[in-house]
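Below: one structure, written as structure tokens.
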Amino acid sequence: MTREPPPPDSVAAIYNYGLGGKDNRQLDRDIFDRLTEIDPGLPESVLAQREAVHRGARLVAELGVRQFIDLGSGLPAADGRNIYDTAAEVHPEDARVAYVDVAAVPAAHGRAMLGRIPPTLMVQADVRECRKVLKEAFELLDPDEPTGVIATALVHFWRSQPHAIWVLRSYLRAFRAGGYLIFSHGLADMDPDVREAMVKEYSHSGANMYPRTRDDIASFLDGLVLLRPGLIEASTWRPEPDVPARLVGEAKFLFAVAGFGPYGRTCPADQQHVPAGRLA
Ligand SMILES: C[S@@+](CC[C@H](N)C(=O)[O-])C[C@H]1O[C@@H](n2cnc3c(N)ncnc32)[C@H](O)[C@@H]1O
């Protein structure tokens, strides 16, 4: 099977602009602005997605997880906040995060952080090269500890769904049972004209995007145990009380956190089939 090449740096930069960051060029800003003309809810959706990632990471840290691997980690948002900051709020002594991104600018940021934040590691690689990524990540992370595997706004850049599922499962299997997958994906269930126009505009970045239907997105989580409230639009996933809801318009990102105990390599074989989408 031929795999499409990794996305260009523009993917990280377009998203960074959407988050109010400064690591982007005019062409990245132009693409995001044109996407926003097509769907005015995009800026709020991107912010809502990123906020959900931090809420998910916090919950997982509160459930006792101290180490994370952040696949397709991207660039810091305008507030400069990374997953380490959230994990360290819960585990100030021993939070650890391995960031993975193929793009040069996030990798440079990650390396620049290392001096300031010792318990982090930056792997610059294509996430789909699981063995290479894990070999480097294991310099910081312990495969025998429960782990938060973060794969948010990432796999919709990969055309082959079976291969994307296989890649994700490879990461889950690499760590012991009792960890959690923090996951989001671009949704295709919207006005088809809007969807087509967005995908076409996005391709000007040099990368293709493959939003999927709700059912297809749910299949990434088959056999895992979804934490409440399940797989839903990102802004509505465990919102902070007293924080006004973001006006995302039509849903663009579905978000979920799921326990991957049964897929952990230390789990007995007879636990390996959990009904799809079961809620914990
Ligand atoms: C839309 S951003 C999402 C950033 C972050 N995960 C979040 O949810 O806020 C997607 C990131 O994934 C990275 N990326 C996409 N495909 C990748 C791949 N095959 N390997 C490594 N990084 C990848 C891009 O460079 C970009 O930084």
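Going by the structure tokens order, chains are called A, B, ..., each with residues numbered from 1, while ligands are numbered from 1 in the order shown.
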Could you list, with a cut-off of 12 Å and counting only C-alpha atoms, the residues of segment 6-60 of chain A near segment 199-214 of chain A, each shown with its nearest atom pair and the distance in Å rounded to one decimal, rows sorted by chain and ascending number, as a Markdown table?
| residue | atom | partner | partner_atom | distance |
| --- | --- | --- | --- | --- |
| A:Pro6 | CA | A:Ala207 | CA | 8.1 |
| A:Pro7 | CA | A:Ala207 | CA | 5.1 |
| A:Pro8 | CA | A:Gly206 | CA | 6.4 |
| A:Asp9 | CA | A:Ser205 | CA | 8.7 |
| A:Ser10 | CA | A:Ser205 | CA | 5.8 |
| A:Val11 | CA | A:Ser205 | CA | 6.9 |
| A:Ala12 | CA | A:Ser205 | CA | 10.3 |
| A:Ala13 | CA | A:Ser205 | CA | 9.8 |
| A:Ile14 | CA | A:Ser205 | CA | 8.4 |
| A:Tyr15 | CA | A:Tyr202 | CA | 11.2 |
| A:Arg25 | CA | A:Ser205 | CA | 11.5 |
| A:Gln26 | CA | A:Ser205 | CA | 11.8 |
| A:Leu27 | CA | A:Ser205 | CA | 8.3 |
| A:Asp28 | CA | A:Ser205 | CA | 7.4 |
| A:Arg29 | CA | A:Ser205 | CA | 10.6 |
| A:Asp30 | CA | A:Ser205 | CA | 10.1 |
| A:Ile31 | CA | A:Tyr202 | CA | 6.9 |
| A:Phe32 | CA | A:Tyr202 | CA | 8.3 |
| A:Asp33 | CA | A:Glu201 | CA | 10.3 |
| A:Arg34 | CA | A:Glu201 | CA | 7.4 |
| A:Leu35 | CA | A:Glu201 | CA | 6.7 |
| A:Thr36 | CA | A:Glu201 | CA | 10.4 |
| A:Glu37 | CA | A:Glu201 | CA | 10.7 |
| A:Ile38 | CA | A:Glu201 | CA | 9.1 |
| A:Asp39 | CA | A:Glu201 | CA | 11.4 |
### Task
Pull the alpha helix (DSSP H) assignments for segment 93-279 of chain A out of DSSP run on the backbone, and list those residues as a VMD selection string.
chain A and resid 104 to 116 130 to 137 161 to 174 192 to 202 214 to 219
Those residues you just picked out, can you put them in a file as a compact mmCIF listing (two decimals), in the first residue's frame with N, CA and C atoms?
# COMPACT_ATOMS: atom_id res chain seq x y z
N ALA A 104 8.65 20.82 10.83
CA ALA A 104 9.89 21.36 11.38
C ALA A 104 9.64 22.39 12.49
N VAL A 105 8.63 23.25 12.30
CA VAL A 105 8.46 24.34 13.27
C VAL A 105 7.99 23.82 14.63
N PRO A 106 6.99 22.93 14.69
CA PRO A 106 6.65 22.37 16.00
C PRO A 106 7.83 21.65 16.63
N ALA A 107 8.62 20.96 15.80
CA ALA A 107 9.76 20.23 16.35
C ALA A 107 10.77 21.20 16.96
N ALA A 108 11.00 22.33 16.27
CA ALA A 108 11.95 23.31 16.81
C ALA A 108 11.43 23.88 18.13
N HIS A 109 10.12 24.14 18.20
CA HIS A 109 9.52 24.62 19.45
C HIS A 109 9.70 23.60 20.56
N GLY A 110 9.42 22.33 20.20
CA GLY A 110 9.53 21.27 21.19
C GLY A 110 10.93 21.18 21.75
N ARG A 111 11.91 21.27 20.85
CA ARG A 111 13.30 21.17 21.32
C ARG A 111 13.66 22.38 22.18
N ALA A 112 13.12 23.56 21.79
CA ALA A 112 13.42 24.77 22.58
C ALA A 112 12.86 24.65 24.00
N MET A 113 11.76 23.90 24.12
CA MET A 113 11.14 23.75 25.44
C MET A 113 11.97 22.84 26.34
N LEU A 114 12.79 21.98 25.72
CA LEU A 114 13.43 20.94 26.52
C LEU A 114 14.29 21.50 27.63
N GLY A 115 14.98 22.61 27.31
CA GLY A 115 15.83 23.21 28.34
C GLY A 115 15.01 23.68 29.53
N ARG A 116 13.83 24.17 29.24
CA ARG A 116 13.00 24.73 30.31
C ARG A 116 12.24 23.64 31.05
N CYS A 130 5.66 4.02 13.50
CA CYS A 130 5.45 3.75 14.93
C CYS A 130 6.71 3.28 15.64
N ARG A 131 7.42 2.35 14.99
CA ARG A 131 8.56 1.75 15.68
C ARG A 131 9.63 2.79 16.00
N LYS A 132 9.90 3.62 14.99
CA LYS A 132 10.92 4.67 15.18
C LYS A 132 10.49 5.65 16.27
N VAL A 133 9.20 6.06 16.21
CA VAL A 133 8.69 7.03 17.19
C VAL A 133 8.76 6.44 18.59
N LEU A 134 8.31 5.20 18.73
CA LEU A 134 8.27 4.60 20.07
C LEU A 134 9.67 4.40 20.63
N LYS A 135 10.60 4.03 19.76
CA LYS A 135 11.98 3.83 20.23
C LYS A 135 12.49 5.12 20.89
N GLU A 136 12.22 6.25 20.23
CA GLU A 136 12.68 7.54 20.79
C GLU A 136 11.86 7.91 22.03
N ALA A 137 10.53 7.69 21.94
CA ALA A 137 9.65 8.09 23.06
C ALA A 137 9.99 7.31 24.33
N GLN A 161 -8.38 4.53 6.13
CA GLN A 161 -8.92 4.33 7.47
C GLN A 161 -8.35 3.07 8.15
N PRO A 162 -8.31 1.92 7.45
CA PRO A 162 -7.74 0.73 8.12
C PRO A 162 -6.31 0.96 8.58
N HIS A 163 -5.53 1.65 7.76
CA HIS A 163 -4.14 1.88 8.16
C HIS A 163 -4.09 2.83 9.36
N ALA A 164 -4.95 3.87 9.34
CA ALA A 164 -4.97 4.82 10.46
C ALA A 164 -5.35 4.10 11.75
N ILE A 165 -6.32 3.19 11.67
CA ILE A 165 -6.73 2.44 12.87
C ILE A 165 -5.57 1.56 13.34
N TRP A 166 -4.92 0.93 12.39
CA TRP A 166 -3.78 0.06 12.74
C TRP A 166 -2.69 0.86 13.44
N VAL A 167 -2.42 2.06 12.93
CA VAL A 167 -1.38 2.89 13.54
C VAL A 167 -1.76 3.23 14.99
N LEU A 168 -3.00 3.68 15.16
CA LEU A 168 -3.42 4.05 16.53
C LEU A 168 -3.32 2.85 17.47
N ARG A 169 -3.80 1.71 17.00
CA ARG A 169 -3.75 0.50 17.86
C ARG A 169 -2.31 0.12 18.20
N SER A 170 -1.39 0.39 17.28
CA SER A 170 0.02 0.08 17.56
C SER A 170 0.50 0.88 18.76
N TYR A 171 0.06 2.14 18.84
CA TYR A 171 0.47 2.96 20.00
C TYR A 171 -0.20 2.45 21.27
N LEU A 172 -1.48 2.06 21.18
CA LEU A 172 -2.14 1.59 22.40
C LEU A 172 -1.49 0.30 22.89
N ARG A 173 -1.16 -0.57 21.95
CA ARG A 173 -0.56 -1.86 22.33
C ARG A 173 0.84 -1.70 22.92
N ALA A 174 1.48 -0.58 22.62
CA ALA A 174 2.85 -0.39 23.08
C ALA A 174 2.93 -0.10 24.58
N PRO A 192 -22.93 19.16 2.30
CA PRO A 192 -21.90 18.63 1.40
C PRO A 192 -21.19 19.71 0.60
N ASP A 193 -21.90 20.79 0.25
CA ASP A 193 -21.24 21.86 -0.52
C ASP A 193 -20.16 22.53 0.33
N VAL A 194 -20.50 22.77 1.59
CA VAL A 194 -19.54 23.39 2.51
C VAL A 194 -18.34 22.46 2.70
N ARG A 195 -18.64 21.18 2.91
CA ARG A 195 -17.55 20.22 3.14
C ARG A 195 -16.61 20.18 1.94
N GLU A 196 -17.20 20.07 0.75
CA GLU A 196 -16.35 19.98 -0.45
C GLU A 196 -15.51 21.23 -0.65
N ALA A 197 -16.15 22.39 -0.41
CA ALA A 197 -15.41 23.65 -0.58
C ALA A 197 -14.26 23.73 0.42
N MET A 198 -14.49 23.24 1.65
CA MET A 198 -13.43 23.31 2.67
C MET A 198 -12.28 22.37 2.33
N VAL A 199 -12.61 21.16 1.92
CA VAL A 199 -11.56 20.19 1.59
C VAL A 199 -10.72 20.72 0.42
N LYS A 200 -11.41 21.33 -0.57
CA LYS A 200 -10.70 21.86 -1.74
C LYS A 200 -9.78 23.02 -1.31
N GLU A 201 -10.32 23.91 -0.50
CA GLU A 201 -9.51 25.05 -0.05
C GLU A 201 -8.31 24.55 0.77
N TYR A 202 -8.57 23.56 1.61
CA TYR A 202 -7.49 23.05 2.46
C TYR A 202 -6.36 22.47 1.63
N ARG A 214 -19.77 10.16 11.22
CA ARG A 214 -19.77 9.81 12.64
C ARG A 214 -19.48 8.33 12.83
N ASP A 215 -20.12 7.48 12.01
CA ASP A 215 -19.93 6.04 12.16
C ASP A 215 -18.47 5.65 11.89
N ASP A 216 -17.89 6.25 10.86
CA ASP A 216 -16.49 5.92 10.55
C ASP A 216 -15.57 6.38 11.69
N ILE A 217 -15.87 7.55 12.24
CA ILE A 217 -15.03 8.05 13.34
C ILE A 217 -15.18 7.12 14.55
N ALA A 218 -16.44 6.68 14.80
CA ALA A 218 -16.67 5.78 15.95
C ALA A 218 -15.88 4.49 15.79
N SER A 219 -15.65 4.07 14.55
CA SER A 219 -14.97 2.78 14.37
C SER A 219 -13.51 2.84 14.83
Give one line per residue of chain A that approaches ligand 1 to at most 6 Å, naming the two atoms of the closest pair and their distance in Å to one decimal, counting only C-alpha atoms and all ligand atoms; sort by chain then ascending residue number and deliver it as a Markdown table.
| residue | atom | partner | partner_atom_place_in_ligand_line | distance |
| --- | --- | --- | --- | --- |
| A:Pro6 | CA | ligand 1 | 19 (N) | 4.9 |
| A:Pro7 | CA | ligand 1 | 16 (N) | 5.5 |
| A:Asp9 | CA | ligand 1 | 25 (O) | 5.8 |
| A:Val11 | CA | ligand 1 | 26 (C) | 5.2 |
| A:Ala12 | CA | ligand 1 | 27 (O) | 3.7 |
| A:Tyr15 | CA | ligand 1 | 1 (C) | 5.3 |
| A:Arg50 | CA | ligand 1 | 9 (O) | 4.7 |
| A:Gly72 | CA | ligand 1 | 12 (O) | 3.5 |
| A:Ser73 | CA | ligand 1 | 6 (N) | 4.3 |
| A:Gly74 | CA | ligand 1 | 27 (O) | 3.2 |
| A:Asp101 | CA | ligand 1 | 22 (N) | 3.8 |
| A:Val102 | CA | ligand 1 | 21 (C) | 4.0 |
| A:Ala103 | CA | ligand 1 | 25 (O) | 4.7 |
| A:Ala125 | CA | ligand 1 | 21 (C) | 5.7 |
| A:Asp126 | CA | ligand 1 | 20 (N) | 3.4 |
| A:Val127 | CA | ligand 1 | 20 (N) | 3.9 |
| A:Arg128 | CA | ligand 1 | 19 (N) | 5.7 |
| A:Thr152 | CA | ligand 1 | 8 (O) | 4.2 |
| A:Ala153 | CA | ligand 1 | 3 (C) | 4.7 |
| A:Leu154 | CA | ligand 1 | 12 (O) | 5.0 |
| A:Phe157 | CA | ligand 1 | 16 (N) | 5.8 |
